[in-house]
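Have a look at upload01.cif; it's mmCIF, C-alpha atoms:
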```cif
data_start
loop_
_atom_site.label_atom_id
_atom_site.label_comp_id
_atom_site.auth_asym_id
_atom_site.auth_seq_id
_atom_site.Cartn_x
_atom_site.Cartn_y
_atom_site.Cartn_z
CA MET A 67 -7.88 6.48 -23.77
CA ILE A 68 -8.08 2.79 -22.85
CA SER A 69 -4.96 1.79 -20.92
CA LYS A 70 -2.93 -1.37 -21.33
CA THR A 71 -4.24 -2.77 -18.05
CA SER A 72 -7.87 -2.33 -19.04
CA LEU A 73 -7.52 -4.15 -22.34
CA SER A 74 -8.70 -7.39 -20.75
CA SER A 75 -12.23 -5.96 -20.71
CA LEU A 76 -12.19 -5.87 -24.52
CA LEU A 77 -9.86 -8.66 -25.59
CA SER A 78 -10.11 -12.39 -25.12
CA THR A 79 -6.70 -13.25 -23.67
CA THR A 80 -3.73 -11.61 -21.99
CA ALA A 81 -0.24 -12.76 -23.02
CA PRO A 82 2.58 -12.62 -20.42
CA LEU A 83 5.39 -10.11 -20.95
CA GLY A 84 7.55 -11.34 -18.08
CA GLU A 85 10.22 -12.77 -20.37
CA LEU A 86 11.04 -9.31 -21.77
CA ASP A 87 13.12 -6.74 -19.91
CA ALA A 88 12.39 -3.03 -20.31
CA ARG A 89 14.85 -2.61 -23.21
CA ALA A 90 13.53 -5.59 -25.15
CA ARG A 91 9.97 -4.52 -24.54
CA GLU A 92 10.59 -1.03 -25.93
CA VAL A 93 12.44 -2.33 -28.99
CA PHE A 94 9.67 -4.87 -29.60
CA ARG A 95 6.96 -2.21 -29.26
CA GLN A 96 8.74 0.09 -31.71
CA VAL A 97 9.19 -2.70 -34.27
CA VAL A 98 5.51 -3.67 -34.18
CA GLU A 99 4.16 -0.12 -34.26
CA THR A 100 6.44 0.81 -37.17
CA TYR A 101 5.54 -2.35 -39.06
CA LEU A 102 1.80 -1.81 -38.56
CA GLU A 103 2.20 1.73 -39.88
CA THR A 104 4.42 1.01 -42.89
CA GLY A 105 3.98 -2.68 -43.66
CA GLU A 106 7.76 -2.94 -44.11
CA PRO A 107 10.36 -4.88 -42.09
CA VAL A 108 12.07 -2.64 -39.54
CA GLY A 109 15.86 -2.36 -39.29
CA SER A 110 18.12 -1.33 -36.42
CA ARG A 111 18.98 2.04 -37.99
CA THR A 112 15.30 2.91 -38.34
CA LEU A 113 14.81 2.14 -34.66
CA SER A 114 17.87 4.15 -33.68
CA ARG A 115 16.62 7.17 -35.63
CA GLY A 116 13.18 6.65 -34.07
CA GLY A 117 14.41 7.63 -30.64
CA ILE A 118 15.64 4.42 -28.99
CA ALA A 119 18.74 5.38 -27.00
CA LEU A 120 20.80 2.35 -27.99
CA SER A 121 23.50 1.79 -30.55
CA PRO A 122 22.54 -0.04 -33.76
CA ALA A 123 24.67 -2.99 -32.55
CA SER A 124 22.77 -3.21 -29.25
CA ILE A 125 19.47 -2.95 -31.10
CA ARG A 126 20.54 -5.75 -33.47
CA ASN A 127 21.37 -7.99 -30.50
CA THR A 128 17.97 -7.27 -28.96
CA LEU A 129 16.23 -7.99 -32.26
CA GLN A 130 18.04 -11.31 -32.42
CA ASP A 131 16.91 -12.17 -28.89
CA LEU A 132 13.31 -11.34 -29.79
CA ALA A 133 13.59 -13.54 -32.86
CA HIS A 134 14.82 -16.45 -30.71
CA LEU A 135 11.68 -16.01 -28.60
CA GLY A 136 9.57 -16.39 -31.76
CA LEU A 137 8.26 -12.82 -31.61
CA LEU A 138 10.07 -11.44 -34.68
CA SER A 139 11.10 -12.84 -38.04
CA ALA A 140 13.13 -11.65 -41.02
CA PRO A 141 11.66 -12.17 -44.51
CA HIS A 142 15.19 -12.04 -45.98
CA VAL A 143 18.67 -12.48 -44.55
CA SER A 144 19.62 -8.83 -44.98
CA ALA A 145 16.17 -7.41 -44.26
CA GLY A 146 14.88 -5.87 -41.07
CA ARG A 147 12.52 -7.60 -38.67
CA MET A 148 8.75 -7.91 -38.61
CA PRO A 149 6.45 -9.39 -35.95
CA THR A 150 5.33 -12.98 -36.18
CA HIS A 151 1.70 -13.83 -35.49
CA GLN A 152 2.81 -14.82 -32.00
CA GLY A 153 4.48 -11.43 -31.65
CA LEU A 154 1.36 -9.61 -32.84
CA ARG A 155 -0.70 -11.49 -30.28
CA LEU A 156 1.71 -10.50 -27.50
CA PHE A 157 1.61 -6.86 -28.64
CA VAL A 158 -2.18 -6.72 -28.94
CA ASP A 159 -2.83 -8.34 -25.57
CA GLY A 160 -0.13 -6.62 -23.57
CA LEU A 161 1.19 -3.42 -25.16
CA LEU A 162 -1.50 -2.00 -27.41
CA GLU A 163 -3.16 1.21 -26.26
CA ILE A 164 -6.63 1.84 -27.63
CA GLY A 165 -8.11 5.32 -27.83
CA ASP A 166 -11.68 6.45 -28.31
CA ILE A 167 -12.98 6.50 -31.88
CA GLY A 168 -13.95 10.17 -31.61
CA GLU A 169 -17.26 11.96 -31.70
CA ALA A 170 -17.25 12.43 -35.49
CA ALA A 171 -16.91 8.70 -36.11
CA LYS A 172 -19.61 7.96 -33.54
CA ARG A 173 -22.00 10.37 -35.24
CA GLU A 174 -21.28 8.81 -38.64
CA ILE A 175 -21.93 5.29 -37.36
CA GLU A 176 -25.16 6.28 -35.64
CA ALA A 177 -26.40 8.28 -38.63
CA ARG A 178 -25.76 5.45 -41.08
CA LEU A 179 -27.31 2.74 -38.90
CA THR A 180 -30.25 4.60 -37.40
CA GLY A 181 -31.47 6.74 -40.30
CA ARG A 182 -35.15 7.32 -40.86
CA GLY A 183 -36.88 4.31 -42.39
CA MET A 184 -33.88 2.06 -41.71
CA THR A 185 -34.92 -1.54 -41.02
CA PHE A 186 -32.70 -3.85 -38.99
CA ASP A 187 -31.89 -5.91 -42.10
CA HIS A 188 -30.72 -2.76 -43.85
CA ALA A 189 -28.75 -1.73 -40.77
CA LEU A 190 -26.85 -5.04 -40.82
CA LYS A 191 -25.85 -4.54 -44.46
CA GLU A 192 -24.90 -0.94 -43.79
CA ALA A 193 -22.81 -2.04 -40.78
CA SER A 194 -20.79 -4.34 -43.03
CA ASN A 195 -20.30 -1.56 -45.61
CA LEU A 196 -19.43 0.92 -42.89
CA LEU A 197 -16.80 -1.24 -41.22
CA SER A 198 -15.15 -2.13 -44.52
CA GLY A 199 -14.91 1.56 -45.42
CA LEU A 200 -13.70 2.85 -42.06
CA ALA A 201 -11.33 -0.03 -41.33
CA GLY A 202 -9.95 -0.69 -44.82
CA GLY A 203 -10.63 -4.43 -44.66
CA ALA A 204 -13.60 -6.67 -45.39
CA GLY A 205 -16.60 -6.03 -43.15
CA VAL A 206 -18.49 -9.13 -42.08
CA VAL A 207 -21.80 -9.46 -40.25
CA MET A 208 -23.48 -12.63 -39.04
CA THR A 209 -27.25 -12.17 -39.09
CA PRO A 210 -29.11 -12.93 -35.86
CA SER A 211 -30.58 -16.26 -34.92
CA PHE A 212 -34.03 -15.49 -33.55
CA GLU A 213 -35.76 -17.97 -31.26
CA ALA A 214 -38.87 -16.08 -30.17
CA GLY A 215 -42.27 -17.71 -30.56
CA VAL A 216 -44.84 -16.52 -33.08
CA LYS A 217 -47.56 -14.26 -31.71
CA HIS A 218 -49.64 -13.45 -34.78
CA VAL A 219 -49.81 -14.19 -38.51
CA GLU A 220 -51.70 -12.18 -41.11
CA PHE A 221 -51.91 -11.80 -44.87
CA VAL A 222 -52.89 -8.29 -45.96
CA LYS A 223 -54.03 -7.73 -49.54
CA LEU A 224 -52.37 -4.74 -51.20
CA GLY A 225 -53.68 -5.06 -54.74
CA VAL A 226 -55.04 -7.46 -57.31
CA ASP A 227 -51.93 -9.64 -57.34
CA GLN A 228 -50.00 -8.56 -54.22
CA ALA A 229 -50.23 -9.16 -50.48
CA LEU A 230 -48.10 -8.42 -47.44
CA ALA A 231 -47.24 -11.44 -45.29
CA VAL A 232 -46.88 -10.21 -41.69
CA LEU A 233 -45.35 -12.26 -38.89
CA VAL A 234 -45.32 -10.85 -35.33
CA PHE A 235 -43.11 -12.51 -32.68
CA ASP A 236 -43.45 -12.65 -28.90
CA ASP A 237 -40.39 -10.42 -28.52
CA GLY A 238 -42.05 -7.65 -30.55
CA ARG A 239 -40.11 -8.25 -33.75
CA VAL A 240 -42.12 -8.01 -36.97
CA GLU A 241 -41.27 -9.56 -40.34
CA ASN A 242 -42.97 -8.27 -43.47
CA ARG A 243 -42.63 -9.90 -46.88
CA LEU A 244 -44.21 -8.74 -50.14
CA MET A 245 -45.83 -11.68 -51.95
CA THR A 246 -47.25 -12.19 -55.43
CA LEU A 247 -50.76 -13.67 -55.30
CA GLU A 248 -52.04 -16.30 -57.67
CA ALA A 249 -55.25 -15.68 -59.55
CA GLY A 250 -58.41 -16.37 -57.56
CA VAL A 251 -57.15 -15.33 -54.14
CA THR A 252 -60.07 -13.61 -52.39
CA PRO A 253 -60.19 -11.91 -48.97
CA SER A 254 -61.74 -15.06 -47.53
CA VAL A 255 -58.73 -17.09 -48.74
CA LEU A 256 -56.40 -14.70 -46.98
CA ILE A 257 -58.39 -15.09 -43.76
CA GLU A 258 -58.44 -18.88 -44.07
CA ALA A 259 -54.66 -19.04 -44.55
CA SER A 260 -54.08 -16.62 -41.66
CA ASN A 261 -56.32 -18.60 -39.29
CA TYR A 262 -54.67 -21.89 -40.25
CA LEU A 263 -51.18 -20.57 -39.48
CA ASN A 264 -52.22 -18.75 -36.30
CA ALA A 265 -53.70 -21.94 -34.87
CA ARG A 266 -50.52 -23.93 -35.50
CA LEU A 267 -47.69 -21.40 -35.11
CA ARG A 268 -48.75 -19.30 -32.12
CA GLY A 269 -46.30 -19.67 -29.23
CA ARG A 270 -43.86 -21.80 -31.24
CA THR A 271 -40.69 -20.83 -33.06
CA LEU A 272 -40.58 -21.12 -36.82
CA MET A 273 -37.79 -23.69 -36.56
CA GLU A 274 -39.87 -25.83 -34.19
CA ALA A 275 -43.01 -25.73 -36.29
CA SER A 276 -41.85 -25.49 -39.90
CA ARG A 277 -41.09 -29.12 -40.76
CA GLU A 278 -44.07 -30.48 -38.84
CA LEU A 279 -46.36 -27.90 -40.41
CA ARG A 280 -45.29 -28.80 -43.93
CA THR A 281 -46.01 -32.49 -43.28
CA GLU A 282 -49.38 -31.63 -41.78
CA LEU A 283 -50.19 -29.39 -44.72
CA ASP A 284 -49.59 -32.25 -47.15
CA SER A 285 -52.05 -34.49 -45.28
CA GLU A 286 -54.71 -31.81 -44.88
CA ARG A 287 -54.43 -30.29 -48.34
CA GLU A 288 -57.81 -31.70 -49.43
CA GLN A 289 -59.56 -29.90 -46.56
CA LEU A 290 -58.12 -26.53 -47.52
CA ASN A 291 -58.97 -24.23 -50.35
CA VAL A 292 -56.33 -24.82 -53.05
CA ALA A 293 -55.44 -21.13 -53.17
CA ALA A 294 -55.15 -21.02 -49.37
CA ALA A 295 -52.81 -24.05 -49.34
CA HIS A 296 -50.57 -22.40 -51.92
CA LEU A 297 -50.63 -19.16 -49.95
CA ILE A 298 -49.61 -20.95 -46.74
CA GLU A 299 -46.68 -22.62 -48.49
CA ALA A 300 -45.60 -19.32 -50.01
CA GLY A 301 -45.85 -17.63 -46.61
CA LEU A 302 -43.66 -20.26 -44.96
CA ALA A 303 -41.09 -19.83 -47.71
CA ALA A 304 -41.19 -16.03 -47.46
CA TRP A 305 -40.60 -15.80 -43.72
CA SER A 306 -36.94 -16.18 -42.80
CA GLY A 307 -36.16 -18.55 -45.64
CA GLY A 308 -39.03 -20.90 -44.95
CA GLY A 309 -38.72 -20.95 -41.19
CA SER A 310 -35.07 -22.01 -41.23
CA ASP A 311 -32.94 -20.81 -38.31
CA LYS A 312 -29.84 -20.89 -40.49
CA ARG A 313 -27.79 -17.76 -40.14
CA ALA A 314 -26.46 -15.80 -43.07
CA LEU A 315 -23.30 -13.79 -43.61
CA ILE A 316 -22.99 -10.32 -45.10
CA VAL A 317 -19.48 -9.64 -46.41
CA ARG A 318 -18.53 -6.30 -47.96
CA GLY A 319 -15.30 -4.62 -49.05
CA GLN A 320 -13.20 -7.50 -50.38
CA ALA A 321 -11.66 -5.06 -52.87
CA ASN A 322 -10.06 -3.23 -49.92
CA LEU A 323 -7.89 -6.29 -49.34
CA LEU A 324 -6.31 -5.96 -52.77
CA GLU A 325 -5.64 -2.26 -52.35
CA ALA A 326 -3.99 -2.76 -48.96
CA SER A 327 -1.69 -5.59 -50.07
CA ALA A 328 1.73 -5.49 -51.63
CA LEU A 329 2.45 -7.45 -54.79
CA GLU A 330 4.16 -10.28 -52.89
CA ASP A 331 1.08 -10.61 -50.67
CA LEU A 332 -1.35 -11.24 -53.52
CA GLU A 333 -1.11 -15.00 -53.05
CA ARG A 334 -2.15 -14.55 -49.44
CA VAL A 335 -5.06 -12.35 -50.55
CA ARG A 336 -6.15 -15.04 -53.01
CA ALA A 337 -6.12 -17.54 -50.15
CA LEU A 338 -8.12 -15.09 -48.04
CA PHE A 339 -10.74 -14.73 -50.79
CA GLU A 340 -11.08 -18.51 -50.78
CA ASP A 341 -11.44 -18.43 -46.98
CA LEU A 342 -14.26 -15.91 -47.25
CA GLU A 343 -16.13 -18.33 -49.51
CA GLU A 344 -16.16 -20.88 -46.67
CA LYS A 345 -19.28 -19.38 -45.17
CA GLU A 346 -19.99 -22.22 -42.73
CA GLU A 347 -16.44 -22.09 -41.36
CA LEU A 348 -16.69 -18.34 -40.98
CA ILE A 349 -19.98 -18.69 -39.13
CA ASN A 350 -18.35 -21.23 -36.81
CA LEU A 351 -15.56 -18.74 -36.13
CA LEU A 352 -18.02 -15.98 -35.32
CA ASP A 353 -19.89 -18.37 -33.02
CA HIS A 354 -16.78 -18.29 -30.82
CA VAL A 355 -17.10 -14.51 -30.77
CA LYS A 356 -20.67 -14.77 -29.50
CA VAL A 357 -19.55 -16.33 -26.21
CA ALA A 358 -17.30 -13.34 -25.42
CA GLN A 359 -18.33 -10.21 -23.58
CA GLY A 360 -16.40 -7.89 -25.90
CA VAL A 361 -14.06 -7.72 -28.85
CA ARG A 362 -12.16 -10.88 -29.84
CA ILE A 363 -9.15 -11.06 -32.10
CA PHE A 364 -7.88 -14.02 -34.14
CA ILE A 365 -4.48 -13.73 -35.81
CA GLY A 366 -3.25 -16.17 -38.46
CA SER A 367 -3.07 -19.78 -37.33
CA GLU A 368 -5.11 -19.04 -34.19
CA SER A 369 -8.03 -19.66 -36.53
CA LYS A 370 -7.97 -22.79 -38.67
CA LEU A 371 -9.89 -20.91 -41.35
CA PHE A 372 -7.21 -18.23 -41.82
CA SER A 373 -4.08 -20.25 -41.12
CA LEU A 374 -2.99 -20.29 -44.79
CA SER A 375 -3.76 -16.67 -45.61
CA GLY A 376 -2.31 -15.42 -42.32
CA SER A 377 -5.20 -13.02 -41.93
CA ALA A 378 -6.61 -11.39 -38.82
CA VAL A 379 -10.18 -11.03 -37.56
CA ILE A 380 -11.41 -8.36 -35.15
CA ALA A 381 -14.98 -9.12 -34.14
CA ALA A 382 -17.54 -8.45 -31.43
CA PRO A 383 -21.00 -9.79 -30.55
CA TYR A 384 -24.08 -7.62 -30.74
CA MET A 385 -26.81 -8.30 -28.23
CA ARG A 386 -30.24 -7.25 -27.12
CA ALA A 387 -31.51 -6.80 -23.59
CA GLY A 388 -33.65 -9.67 -22.33
CA GLY A 389 -35.03 -9.24 -18.84
CA GLN A 390 -32.16 -8.98 -16.39
CA THR A 391 -29.57 -10.28 -18.84
CA GLN A 392 -28.39 -9.54 -22.36
CA LYS A 393 -28.87 -12.06 -25.14
CA VAL A 394 -26.25 -12.36 -27.90
CA MET A 395 -27.91 -12.32 -31.32
CA GLY A 396 -25.02 -12.25 -33.81
CA ALA A 397 -21.54 -10.92 -34.46
CA ILE A 398 -19.82 -8.29 -36.60
CA GLY A 399 -16.20 -7.75 -37.48
CA VAL A 400 -13.39 -6.82 -39.83
CA ILE A 401 -11.20 -9.28 -41.72
CA GLY A 402 -7.92 -8.30 -43.30
CA PRO A 403 -4.17 -8.91 -43.38
CA ALA A 404 -2.46 -9.37 -40.00
CA ARG A 405 -1.16 -5.81 -40.39
CA LEU A 406 -4.50 -4.27 -39.40
CA ASN A 407 -4.70 -1.02 -37.47
CA TYR A 408 -5.78 -2.74 -34.24
CA ALA A 409 -5.82 0.42 -32.12
CA ARG A 410 -8.30 2.07 -34.50
CA ILE A 411 -10.42 -0.91 -35.57
CA ILE A 412 -11.08 -2.43 -32.14
CA PRO A 413 -13.13 0.54 -30.85
CA LEU A 414 -14.88 0.89 -34.24
CA VAL A 415 -16.09 -2.71 -34.12
CA ASP A 416 -17.00 -2.42 -30.44
CA TYR A 417 -19.07 0.75 -30.91
CA THR A 418 -20.83 -0.52 -34.05
CA ALA A 419 -21.84 -3.69 -32.18
CA LYS A 420 -23.30 -1.57 -29.38
CA ILE A 421 -25.36 0.49 -31.86
CA LEU A 422 -26.77 -2.68 -33.46
CA GLY A 423 -27.71 -3.94 -30.00
CA ARG A 424 -29.45 -0.66 -29.28
CA LEU A 425 -31.45 -1.06 -32.52
CA LEU A 426 -32.57 -4.51 -31.41
CA ASP A 427 -33.80 -3.09 -28.11
#
```
Translate the structure of the given file into structure tokens.
Amino acid sequence: MISKTSLSSLLSTTAPLGELDARAREVFRQVVETYLETGEPVGSRTLSRGGIALSPASIRNTLQDLAHLGLLSAPHVSAGRMPTHQGLRLFVDGLLEIGDIGEAAKREIEARLTGRGMTFDHALKEASNLLSGLAGGAGVVMTPSFEAGVKHVEFVKLGVDQALAVLVFDDGRVENRLMTLEAGVTPSVLIEASNYLNARLRGRTLMEASRELRTELDSEREQLNVAAAHLIEAGLAAWSGGGSDKRALIVRGQANLLEASALEDLERVRALFEDLEEKEELINLLDHVKVAQGVRIFIGSESKLFSLSGSAVIAAPYMRAGGQTQKVMGAIGVIGPARLNYARIIPLVDYTAKILGRLLD
């Protein structure tokens, strides 16, 4: 089991607990753990029956003190208390104990991501599905941003009207795209198009060469076979969205958010759905995850994107080995209401990120 003191190796910040005495700390811990389990505000009698050796009056006084510190709030005057986002942050950084995910869960993750014939693109989609199912929130994956130079280009004819566009990178990665051929494309046209791209792409990244290559192609179109020129354009469009380095998002399991929410939370869920449509903002958020060495957590207003919906994000970077250092390629995570099961989801996200990194290697 991961202890409280070792949480800093996984989480981004550590909140001070010095303002809380032992009694307040125990009451606070019980409130948060009960709330995360039930989703309901927690009253003094519930805490008293839960094993805290204090009278309900003493517990109420402690709850009031915690509310003055901004760690607890009451949705209604007569209701019990529930943690604020500030309180959840304090709990996650200072009191949460994280256990191992278990061998069965590890085997499931590895089996679903490393199955026979599984490409890395398929593994990313499966990772998003897997996290949404295991965590009960929305699984999100930011696809990698590759920067390796091109080593080799080739068009391989598969049939009368089909060819395979193959792009090999310096880092060993291979992209294959099935293409429909126009009439009149002969083996010599395929060779001409391959030679043209090899001469201009080799050693350069697609992002570096794409725009310049398109301009050059327009000026040299008369010197090329018409079918070869069309094939080159189609190849550029087929590889990684036309050579663009723009990252994409894979989001799965939004329906889980509806199932996990109470009726009064549906407005927050609607706001969360709108947040998930802001793909660029979500990518920017995950970019902050990429600079971390482990799991990062954003709760409510800590992220501008989720300040209205009050949602939480648990995310981690996945990376590949590069020489003596590791290179971060993308990020994966779980998005859901602030009442996520942090103790369970944190190791799930962390382990899934490690498996994706192993696939990249």
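By chain and then residue number, the residues within 8 Å of stretch 94-102 of chain A are Ala90, Arg91, Glu92, Thr104, Gly105, Glu106, Pro107, Val108, Leu113, Leu129, Leu132, Arg147, Met148, Pro149, Leu154, Phe157, Leu161, Arg405, Leu406 and Asn407 of chain A, counting all atoms listed in the file and disregarding those fewer than 2 positions away in sequence.
Our summary of the geometry notes that atom CA of A:Arg318 is positioned 24.2 Å from atom CA of A:Glu241.
A straight line drawn from atom CA of A:Ala378 to atom CA of A:Ile421 is 23.3 Å long.
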Residue IDs satisfying the PyMOL selection byres ((chain A and resi 382) around 9), as a PDB file with C-alpha atoms, in the coordinates of the input:
```pdb
ATOM      1  CA  LEU A 352     -18.020 -15.980 -35.320  1.00  0.00           C
ATOM      2  CA  VAL A 355     -17.100 -14.510 -30.770  1.00  0.00           C
ATOM      3  CA  LYS A 356     -20.670 -14.770 -29.500  1.00  0.00           C
ATOM      4  CA  ALA A 358     -17.300 -13.340 -25.420  1.00  0.00           C
ATOM      5  CA  GLN A 359     -18.330 -10.210 -23.580  1.00  0.00           C
ATOM      6  CA  GLY A 360     -16.400  -7.890 -25.900  1.00  0.00           C
ATOM      7  CA  VAL A 361     -14.060  -7.720 -28.850  1.00  0.00           C
ATOM      8  CA  ARG A 362     -12.160 -10.880 -29.840  1.00  0.00           C
ATOM      9  CA  ILE A 363      -9.150 -11.060 -32.100  1.00  0.00           C
ATOM     10  CA  ILE A 380     -11.410  -8.360 -35.150  1.00  0.00           C
ATOM     11  CA  ALA A 381     -14.980  -9.120 -34.140  1.00  0.00           C
ATOM     12  CA  PRO A 383     -21.000  -9.790 -30.550  1.00  0.00           C
ATOM     13  CA  TYR A 384     -24.080  -7.620 -30.740  1.00  0.00           C
ATOM     14  CA  GLY A 396     -25.020 -12.250 -33.810  1.00  0.00           C
ATOM     15  CA  ALA A 397     -21.540 -10.920 -34.460  1.00  0.00           C
ATOM     16  CA  ILE A 398     -19.820  -8.290 -36.600  1.00  0.00           C
ATOM     17  CA  GLY A 399     -16.200  -7.750 -37.480  1.00  0.00           C
ATOM     18  CA  ILE A 412     -11.080  -2.430 -32.140  1.00  0.00           C
ATOM     19  CA  VAL A 415     -16.090  -2.710 -34.120  1.00  0.00           C
ATOM     20  CA  ASP A 416     -17.000  -2.420 -30.440  1.00  0.00           C
ATOM     21  CA  THR A 418     -20.830  -0.520 -34.050  1.00  0.00           C
ATOM     22  CA  ALA A 419     -21.840  -3.690 -32.180  1.00  0.00           C
TER      23      ALA A 419
END
```
Item to check | One-decimal distance in Å that lies between atom CA of A:Gly269 and atom CA of A:Leu297 | outcome: 21.2 Å
Scan for residues within 9 Å of the point (8.7, -10.3, -26.4) in the coordinates of the file, using all atoms listed in the file, and reply as a PDB file with C-alpha atoms, in the frame of the given file.
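Output saved as out_25.pdb:
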```
ATOM      1  CA  PRO A  82       2.580 -12.620 -20.420  1.00  0.00           C
ATOM      2  CA  LEU A  83       5.390 -10.110 -20.950  1.00  0.00           C
ATOM      3  CA  GLY A  84       7.550 -11.340 -18.080  1.00  0.00           C
ATOM      4  CA  GLU A  85      10.220 -12.770 -20.370  1.00  0.00           C
ATOM      5  CA  LEU A  86      11.040  -9.310 -21.770  1.00  0.00           C
ATOM      6  CA  ASP A  87      13.120  -6.740 -19.910  1.00  0.00           C
ATOM      7  CA  ALA A  90      13.530  -5.590 -25.150  1.00  0.00           C
ATOM      8  CA  ARG A  91       9.970  -4.520 -24.540  1.00  0.00           C
ATOM      9  CA  PHE A  94       9.670  -4.870 -29.600  1.00  0.00           C
ATOM     10  CA  ARG A  95       6.960  -2.210 -29.260  1.00  0.00           C
ATOM     11  CA  ASP A 131      16.910 -12.170 -28.890  1.00  0.00           C
ATOM     12  CA  LEU A 132      13.310 -11.340 -29.790  1.00  0.00           C
ATOM     13  CA  ALA A 133      13.590 -13.540 -32.860  1.00  0.00           C
ATOM     14  CA  LEU A 135      11.680 -16.010 -28.600  1.00  0.00           C
ATOM     15  CA  GLY A 136       9.570 -16.390 -31.760  1.00  0.00           C
ATOM     16  CA  LEU A 137       8.260 -12.820 -31.610  1.00  0.00           C
ATOM     17  CA  LEU A 138      10.070 -11.440 -34.680  1.00  0.00           C
ATOM     18  CA  GLY A 153       4.480 -11.430 -31.650  1.00  0.00           C
ATOM     19  CA  LEU A 156       1.710 -10.500 -27.500  1.00  0.00           C
ATOM     20  CA  PHE A 157       1.610  -6.860 -28.640  1.00  0.00           C
TER      21      PHE A 157
END
```
Next on the checklist: Taking the file as I've supplied it (selection: the PyMOL selection byres ((chain A and resi 195) around 9)), which residues are included? Please answer as number ranges by chain.
Outcome noted: A: 190-194, 196-200, 204-206, 317-319
Checklist entry - A:Val232: which residues within 7 Å, counting all atoms listed in the file, same-chain residues fewer than 5 positions away excluded, as a VMD selection string? => result chain A and resid 219 to 221 241 to 243
Checklist outcome for this item: One residue among A:Leu247, A:Leu179, A:Ala321, A:Ala295 is nearest to A:Val226 when using only C-alpha atoms, and that residue is A:Leu247
Checklist outcome for this item: If you count all atoms listed in the file, the residue of A:Leu302, A:Ile401, A:Ala409, A:Val93 closest to A:Val158 turns out to be A:Ala409
Decode the PyMOL selection byres ((chain A and resi 248-256) around 8) for the given file into explicit residues and return them as a short mmCIF file (atom, residue, chain, number, x, y, z; two decimals) with C-alpha atoms, in the coordinates of the input.
```
data_model
loop_
_atom_site.label_atom_id
_atom_site.label_comp_id
_atom_site.auth_asym_id
_atom_site.auth_seq_id
_atom_site.Cartn_x
_atom_site.Cartn_y
_atom_site.Cartn_z
CA GLU A 220 -51.70 -12.18 -41.11
CA PHE A 221 -51.91 -11.80 -44.87
CA VAL A 222 -52.89 -8.29 -45.96
CA LYS A 223 -54.03 -7.73 -49.54
CA ASP A 227 -51.93 -9.64 -57.34
CA THR A 246 -47.25 -12.19 -55.43
CA LEU A 247 -50.76 -13.67 -55.30
CA ILE A 257 -58.39 -15.09 -43.76
CA GLU A 258 -58.44 -18.88 -44.07
CA ALA A 259 -54.66 -19.04 -44.55
CA SER A 260 -54.08 -16.62 -41.66
CA ASN A 291 -58.97 -24.23 -50.35
CA ALA A 293 -55.44 -21.13 -53.17
CA ALA A 294 -55.15 -21.02 -49.37
CA LEU A 297 -50.63 -19.16 -49.95
#
```
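With only C-alpha atoms taken into account, the protein and nucleic acid residues at most 12 Å from A:Ala123 (excluding it and anything under 6 positions from it in its own chain) are Gly109, Ser110, Arg111, Leu113, Ser114, Leu129 and Gln130 of chain A.
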Could you dump the residues just selected with C-alpha atoms as a compact mmCIF listing (two decimals), in the frame of the given file?
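Just written: part-v3.txt:
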```
# COMPACT_ATOMS: atom_id res chain seq x y z
CA GLY A 109 15.86 -2.36 -39.29
CA SER A 110 18.12 -1.33 -36.42
CA ARG A 111 18.98 2.04 -37.99
CA LEU A 113 14.81 2.14 -34.66
CA SER A 114 17.87 4.15 -33.68
CA LEU A 129 16.23 -7.99 -32.26
CA GLN A 130 18.04 -11.31 -32.42
```
Next on the checklist: Using all atoms listed in the file for the distances, tell me which of A:Lys172, A:Lys345, A:Arg386, A:Lys217 is nearest to A:Leu414.
Outcome noted: A:Lys172
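With all atoms listed in the file as the basis for measurement, A:Val400 is the residue among A:Val400, A:Leu279, A:Phe186, A:Ala303 that approaches A:Gly202 most closely.
Residue nearest A:Ala300 within the list A:Ile349, A:Met245, A:Tyr262, A:Val357: A:Met245 [criterion: smallest interatomic distance, only C-alpha atoms].
In this comparison, which uses all atoms listed in the file, the residue of A:Val207, A:Leu425, A:Arg89, A:Glu299 approaching A:Ala119 most closely is A:Arg89.
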Can you patch up stretch 158-164 of chain A, filling it in to N, CA and C atoms, and show the result as a PDB file, in the frame of the given file?
```pdb
ATOM      1  N   VAL A 158      -0.779  -7.098 -29.065  1.00  0.00           N
ATOM      2  CA  VAL A 158      -2.180  -6.720 -28.940  1.00  0.00           C
ATOM      3  C   VAL A 158      -2.690  -6.924 -27.520  1.00  0.00           C
ATOM      4  N   ASP A 159      -2.310  -8.027 -26.898  1.00  0.00           N
ATOM      5  CA  ASP A 159      -2.830  -8.340 -25.570  1.00  0.00           C
ATOM      6  C   ASP A 159      -2.125  -7.587 -24.452  1.00  0.00           C
ATOM      7  N   GLY A 160      -0.862  -7.184 -24.671  1.00  0.00           N
ATOM      8  CA  GLY A 160      -0.130  -6.620 -23.570  1.00  0.00           C
ATOM      9  C   GLY A 160       0.403  -5.220 -23.719  1.00  0.00           C
ATOM     10  N   LEU A 161       0.551  -4.731 -24.964  1.00  0.00           N
ATOM     11  CA  LEU A 161       1.190  -3.420 -25.160  1.00  0.00           C
ATOM     12  C   LEU A 161       0.331  -2.418 -25.911  1.00  0.00           C
ATOM     13  N   LEU A 162      -0.688  -2.885 -26.583  1.00  0.00           N
ATOM     14  CA  LEU A 162      -1.500  -2.000 -27.410  1.00  0.00           C
ATOM     15  C   LEU A 162      -2.329  -1.049 -26.550  1.00  0.00           C
ATOM     16  N   GLU A 163      -2.318   0.221 -26.910  1.00  0.00           N
ATOM     17  CA  GLU A 163      -3.160   1.210 -26.260  1.00  0.00           C
ATOM     18  C   GLU A 163      -4.256   1.638 -27.237  1.00  0.00           C
ATOM     19  N   ILE A 164      -5.480   1.552 -26.775  1.00  0.00           N
ATOM     20  CA  ILE A 164      -6.630   1.840 -27.630  1.00  0.00           C
ATOM     21  C   ILE A 164      -7.262   3.151 -27.200  1.00  0.00           C
TER      22      ILE A 164
END
```
